[in-house]
Structure formats: C-alpha cells, structure tokens
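*Asks:* Before I ask anything, here is the structure I am working with.
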Amino acid sequence: MRAGAARGAGPLFFLLSAKDLRGYVRARPFASHHHPRNVDHRVDERLPARPGASADAHAVNRLQERVAWNALRYPIAPGANRLPYMLGGLTFFGMVLLIVTGILLDQFYNPSPVGAHDSVVYIMTRVPLGNWVRALHYWAATVVLVTVFLHLIHVFWRRSYFRPRELTWWTGAALLLVAFALVFTGTVLRADQEGGEALAHAVAGARLVGAVGTPLTPDFARSTPLLARLHNAHVSLLPLTLLGLVGLHFWLIRHLGLHVHEARTAVFTDHLRRLTGYGLLLLGGLALLAALFPPGIGYPVVEGAEVTKPFWPFLWIYAAENAFGLWGMLAAPAVLFGFLFLVPLLDRRHQDIGGRPRWLFLLATFLLAAYLGALLYGAVAPQVEHLGM
Amino acid sequence: MRREVVAGLIWLLAFLGAVPTAPAHEKGVIRLRTNPLPAGSEIELRGERLPRNAPLRLELRGTLETFPLAEVRTDSAGVVTGRFGLPAEAGPGNYALVALAADGEEVGRVELVLVPAAAADGHARHEAGPVEPHATAELMDVPVARNPAEWVAIVGLSLLSLGAGAALLRGSAGPRACGRD
C-alpha cells in the first residue's frame, strides 16, 4: 500500500501492516491542491481504485466513502492544534474511557444496598483485570476533572465565551456540573463509609432546599432504594445528559469556531489525528498508573457515623461546610457555577483579549485562589462532623 | 466487497452455530417459603421438575463466598422438599441457592436475600445485646492478586497506546505547520 493511500485510513490504521503504518505517519497531511477551503466531502480522489493498488486500500477507500469520512476535513484555526486547545478534546477522550470502563464495571456491580459493597470487592478480587479496570475508571475521572478545569481556565483567559459563543460557554459550564454529579454518584456507589457519608450529606442538603431536593431523598420512591436510583443516574441519566451537552458543545464549536478573529487555515482531520495521539499517550499513562496505584475501598458503611472526608474533588465543598455549616455545602457550588453562568453576561466590552474588565479578571482570580485554597484546606483540615449525628 | 461481506456472515453464523446451547439436564424450579431470611435460620424449600431419582448438592452462593448446604435426593417425580440450616457466618446480602447435579451442572436456582439477624427478628437483638458496628475511615485490606497474564496485558496495552500515540504525534503536522499547504 502506498503511503498516500495509507494516510487515508484514519482510525482504521490498526488494520494496516507495520509498513503501511510507517507510510501513514510519515505522510504530509495534505497536498497543496487540497487546501481546506476547497474541501470536498466526496471520497478522497487520491485513493482511486487503480490497478496494482492493494485490496486494503480499496476497502479503506470504500469504507471512508460510506462513512463520509471526508466530511471531517473542514477548515479550523491552526491554533487549535496546540496542546492548550486540546484540553477539551482530551477531556472528551477521558469521558469515552470512563464510559467504556464504566460499562465493563457495571456488568459486575450490584446496586442493591445489601450487595453493593460486596460486588465492588468482587470486582477488585475476582473479576479478571477488574481491579485494573476500576482503577482506570478512577484515574480517568481524576484526569477528566483536572483537564476540564484547565480547559475552563484557558477558555476564560482566551475570552472564548464572547458573543456569539455564550451558549458554548454555558454548555461547557453545564458539562462541568454534570461531571461533578457523575463523580459524586460514583463515590456513593462504592457503598463504603466515605460513600455512605457522601450520600448522607446529599440527603441532608436535599432536605434543606425543600421540594427541589426531593428526588435526592429516600422518601421520593419507596419502591426503590436511593442507592439504586443514584446508580441509575450514574449509568444512564447523567451520561445521556453529558453526551447531549457534549454534542451541543461540539456543534457550536464546529459552527461558531473558537475565537472572533481566527483564520481557518488548518484542517480538522489533522486536529483529530493529533488529539488521538495525545489521547493514546494519556491512555498509556493512565493504564500504567491504574496498575501501579489502584484505589482502595473502605469498610461497609455504618449508618449514622461521620468519620471520613470526601473524595478530593469535593474537598472545597467540605471546607465551605466547615466554615458555614450545611448551607456552606450548598452555597459554595452556587457561587462557583453562578459566576460561570454570569461570565459571558458580565464581559461585553471589547472583543480583543485585552478588553476584559479588570474587575472581572480580579474576581475570577480571587475565586480560583479561593477554590484552590479551599481544596488545600480541606485536604489538611481535621475530620469534622457536619450532620450532628 | 459483497463477497467479503457474505463470507464474513457465513463465518459468523458458523461460529454461532458451533456454540453448544443444549444443557444435559432439565432446569428445575426451586421455591422458598420465606424470603428474605436471617443468617443462621432455617429455610424451607421445595424443588420441582428436577432430575428424577438423582442426588443433588445444594449450595448457597454469595458474591464473595460459597457455602455448602446439603446433599439431597429427588424422588421419582423430580421433587425434593426439606428444611435446611443457613450458615450463621454468612453476611447479609444477595445470594443464590443453587442445586447441582452429580456432574456439577446447575439444575435449579433461586435468589434469596440474607438480612442481619437483628433486622429479621427484633427479639434477637434484645436477647443477644446490641452489637455496635465500628465506623472507620480506613481502607479495607483487600487481597488483590494479579497474575502474570494480566500484567502482560496491561503493560502491552500501555506500550501499544504510548507507541501509537507517539507515532501519530510524530507523523502529524504540528501547530506551526498546519495551514501552510
């Protein structure tokens, strides 16, 4: 197979031989007559079914034609190929990894209150590679939270929320909220002491806000335990919401771009290739990390006790709870997500990078410092009872 | 290409057809008089449509542990009845009571839930005295063993991912190169 033909393989590169793969990675991205402005959504004419070409090339060519692969060769800003601009894509890569590992774990998880903890221990001890898959799930969730925060900071810094991209920003903020909800429900599903206490805090918070919080209380449905309903949310409701928001987010980025003034001289398939490269590096690193540092599990929950601190992504809320009681647990996320919602509405002055109001930048810096400070404080502060149990 | 698709379908059908599906024994039905049950109590069961005049082994299978319950023999109608003691050391949780034929094949199954003795019988708690469980933030000492094949799979996947990722990045145009063609 010629290098040019192999280059068109895209995600099917694993079907090619080593020789083909070498040609694939060495090939220049596009010939000069394929300027992105002249993108043709038909099958790549550099892959004709000419005499002497291999059967693989024909198969790849035909497959590309049928899945409209060349429709992805639309123009984008070249800056999108820099690593900071790939943080969103890497977050998505992590989400895909979470979905795959989550589906595997869910084959062995029992969402009944009496069986949940045992089933997690079963996954860790009896399922082949179960402990590793669980660790991969854990580390992927950790990485997603880190990359999504870095992505958020970068987008704020670049003012990519500016008109007409407010909805892109808001869908991103909503994705962060859903990510937190997924991490919370995932923590509860362990059914160990930490998970049980997280659930008790959520129920207390839900009761505090009255009718709005009713679905998070055991009284909402007597036919089904709350743990089973949270499991349902973790594996269906929240992932579906997440994927819907991701789809909308991608659609808006595809059609509105990243910035106001950007020359779209690069091609999305190149971006996809680099993103896949970074994603595979991430997967390789996570796979080793998961093997070397698998997360443990606490003892089965003892109802009514409060002896643990939450999973690290919630330590900032824990710190707020230490300072302001149960209302602090609700107020801290409200302040963060309220600010994120307001950002596009508060910054409407100029479109240039330097045009952002100084006070908004200072406020964002203060909130970020408060967030990181609260995380740190939550990590080092002694364990405190909040629910008065 | 059509020929390749047809050939693929034939292979798939041949593979599916090769998978044995017929069990050696007829599957019976097992019913319990009460469910859920406290650990250490007795169950009263009735099994029907089981192999006739056959010895069966009853097992209580939990998520993490399996407890042998009894050896029984069905009558000429494939029926077995009896009362059997549940192990007191079995923890609360979901279990399956399975009936196994002499060749080890499962011929009957019923799901049951074991609850703590105090939850099932309020009097027992007073007689034995309340046992306060101890809450702790410590992690369990779970014996996780990873065999060499698993290590090979993990390291292999890691190296493959790292190699493929590096190859893709090395071969793709960097941010500066993009858009210049």
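Scheme for the structure tokens: letters A, B, ... for chains in order shown; per-chain residue numbers from 1; ligand numbers from 1 in order shown.
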Within 7 Å of chain B, which residues of chain A are there when counting only C-alpha atoms? Please give them as an MDAnalysis selection string.
*Replies:* chainID A and resid 25:27 29:32 35 78:79 81:82 114:115 118:119 122 124:125 129 193 265:266 270 273:274 276:278 280:281 283:285 287:288 296:299 302 305 307:308
*Asks:* Could you write those residues out with C-alpha atoms, as a PDB file, in the first residue's frame?
*Replies:*
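Saved as out07.pdb:
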ATOM      1  CA  VAL A  25       2.618   8.587   9.912  1.00  0.00           C
ATOM      2  CA  ARG A  26       5.301   9.942   7.600  1.00  0.00           C
ATOM      3  CA  ALA A  27       2.918  11.309   5.051  1.00  0.00           C
ATOM      4  CA  PRO A  29      -1.150  15.952   5.983  1.00  0.00           C
ATOM      5  CA  PHE A  30      -2.399  17.348   2.710  1.00  0.00           C
ATOM      6  CA  ALA A  31      -1.172  18.088  -0.711  1.00  0.00           C
ATOM      7  CA  SER A  32      -1.223  21.723  -1.814  1.00  0.00           C
ATOM      8  CA  HIS A  35      -6.449  23.469   0.632  1.00  0.00           C
ATOM      9  CA  PRO A  78      -4.362  26.245  13.205  1.00  0.00           C
ATOM     10  CA  GLY A  79      -4.029  27.298  16.839  1.00  0.00           C
ATOM     11  CA  ASN A  81      -3.625  22.073  17.236  1.00  0.00           C
ATOM     12  CA  ARG A  82      -1.753  23.452  20.234  1.00  0.00           C
ATOM     13  CA  VAL A 114     -27.034  -5.100  50.734  1.00  0.00           C
ATOM     14  CA  GLY A 115     -24.985  -6.221  47.760  1.00  0.00           C
ATOM     15  CA  ASP A 118     -19.583  -6.901  48.188  1.00  0.00           C
ATOM     16  CA  SER A 119     -19.913  -6.501  44.445  1.00  0.00           C
ATOM     17  CA  TYR A 122     -15.861  -8.914  43.942  1.00  0.00           C
ATOM     18  CA  MET A 124     -11.499  -5.992  42.775  1.00  0.00           C
ATOM     19  CA  THR A 125     -10.694  -9.578  43.705  1.00  0.00           C
ATOM     20  CA  LEU A 129      -8.489  -7.311  35.319  1.00  0.00           C
ATOM     21  CA  GLN A 193     -18.022   4.570  54.719  1.00  0.00           C
ATOM     22  CA  THR A 265      -6.343  27.524   7.527  1.00  0.00           C
ATOM     23  CA  ALA A 266      -5.872  24.123   9.128  1.00  0.00           C
ATOM     24  CA  ASP A 270      -5.203  16.899  11.371  1.00  0.00           C
ATOM     25  CA  ARG A 273      -5.002  12.934  14.432  1.00  0.00           C
ATOM     26  CA  ARG A 274      -3.002  14.964  16.952  1.00  0.00           C
ATOM     27  CA  THR A 276      -5.843  10.894  19.060  1.00  0.00           C
ATOM     28  CA  GLY A 277      -2.072  10.911  19.533  1.00  0.00           C
ATOM     29  CA  TYR A 278      -2.322  12.807  22.808  1.00  0.00           C
ATOM     30  CA  LEU A 280      -3.365   7.468  23.285  1.00  0.00           C
ATOM     31  CA  LEU A 281      -0.440   8.831  25.296  1.00  0.00           C
ATOM     32  CA  LEU A 283      -4.409   6.147  27.861  1.00  0.00           C
ATOM     33  CA  GLY A 284      -0.980   4.545  28.072  1.00  0.00           C
ATOM     34  CA  GLY A 285      -0.054   6.658  31.078  1.00  0.00           C
ATOM     35  CA  ALA A 287      -3.110   2.289  32.181  1.00  0.00           C
ATOM     36  CA  LEU A 288       0.239   2.169  33.973  1.00  0.00           C
ATOM     37  CA  GLY A 296      -8.781   1.048  47.652  1.00  0.00           C
ATOM     38  CA  ILE A 297     -12.196   0.724  49.205  1.00  0.00           C
ATOM     39  CA  GLY A 298     -13.339   1.486  52.728  1.00  0.00           C
ATOM     40  CA  TYR A 299     -15.274  -0.805  55.039  1.00  0.00           C
ATOM     41  CA  VAL A 302     -22.040   2.250  59.194  1.00  0.00           C
ATOM     42  CA  ALA A 305     -21.424   7.711  61.680  1.00  0.00           C
ATOM     43  CA  VAL A 307     -15.653   9.728  60.282  1.00  0.00           C
ATOM     44  CA  THR A 308     -14.378  10.388  56.751  1.00  0.00           C
TER      45      THR A 308
END
*Asks:* What is the atom CA of Leu50 of chain B-atom CA of Ala96 of chain B distance in Å, reported with one decimal?
*Replies:*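 About the pair atom CA of Leu50 of chain B and atom CA of Ala96 of chain B: they are 16.9 Å apart.
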*Asks:* Figure out the distance between atom CA of Leu346 of chain A and atom CA of Ala364 of chain A, please, to one decimal in Å.
*Replies:* 11.6 Å
*Asks:* From the list B:Leu37, B:Val6, B:Ala102, B:Ile30, which residue is nearest Ala90 of chain B when using only C-alpha atoms?
*Replies:* B:Leu37
*Asks:* So which residues touch Arg109 of chain B within 9 Å, counting only C-alpha atoms, skipping near sequence neighbours fewer than 2 positions away, as a compact mmCIF listing (two decimals) with N, CA and C atoms, in the first residue's frame?
*Replies:*
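So the final result, stored in part-v1.txt, reads:
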# COMPACT_ATOMS: atom_id res chain seq x y z
N LYS B 27 -33.88 -27.94 33.46
CA LYS B 27 -33.82 -26.96 34.54
C LYS B 27 -35.07 -27.07 35.40
N GLY B 28 -34.87 -27.18 36.70
CA GLY B 28 -35.99 -27.28 37.61
C GLY B 28 -36.37 -25.95 38.22
N VAL B 29 -37.33 -26.00 39.12
CA VAL B 29 -37.81 -24.79 39.81
C VAL B 29 -37.64 -25.01 41.30
N ILE B 30 -37.08 -24.02 41.98
CA ILE B 30 -36.94 -24.11 43.44
C ILE B 30 -37.71 -22.95 44.05
N ARG B 31 -38.52 -23.25 45.06
CA ARG B 31 -39.29 -22.20 45.74
C ARG B 31 -38.95 -22.21 47.23
N ALA B 96 -27.63 -16.75 45.95
CA ALA B 96 -28.37 -17.67 45.10
C ALA B 96 -28.25 -19.06 45.71
N LEU B 97 -29.39 -19.72 45.89
CA LEU B 97 -29.35 -21.11 46.33
C LEU B 97 -29.42 -21.96 45.07
N VAL B 98 -28.38 -22.72 44.82
CA VAL B 98 -28.33 -23.49 43.58
C VAL B 98 -28.34 -24.98 43.89
N ALA B 99 -28.97 -25.73 43.00
CA ALA B 99 -28.95 -27.19 43.08
C ALA B 99 -28.06 -27.71 41.96
N GLU B 106 -25.65 -27.03 37.00
CA GLU B 106 -26.71 -26.39 37.79
C GLU B 106 -28.07 -26.80 37.22
N VAL B 107 -28.94 -27.36 38.09
CA VAL B 107 -30.25 -27.81 37.60
C VAL B 107 -31.39 -26.99 38.20
N GLU B 111 -33.08 -17.08 43.92
CA GLU B 111 -32.39 -15.96 44.55
C GLU B 111 -32.95 -15.75 45.95
*Asks:* So how many Å separate atom CA of Asn61 of chain A and atom CA of Val96 of chain A, to one decimal?
*Replies:* 26.6 Å
*Asks:* Using only C-alpha atoms, can you tell me which of A:His117, A:Lys309, A:Arg254, A:His234 comes closest to Gln383 of chain A?
*Replies:* A:Lys309
*Asks:* With DSSP run on the backbone, what are the helix (DSSP H, G or I) residues within segment 142-343 of chain A? I'd like them as a ChimeraX atom specification.
*Replies:* /A:142-158,166-189,193-208,210-216,218-220,226-256,268-292,312-324,326-343
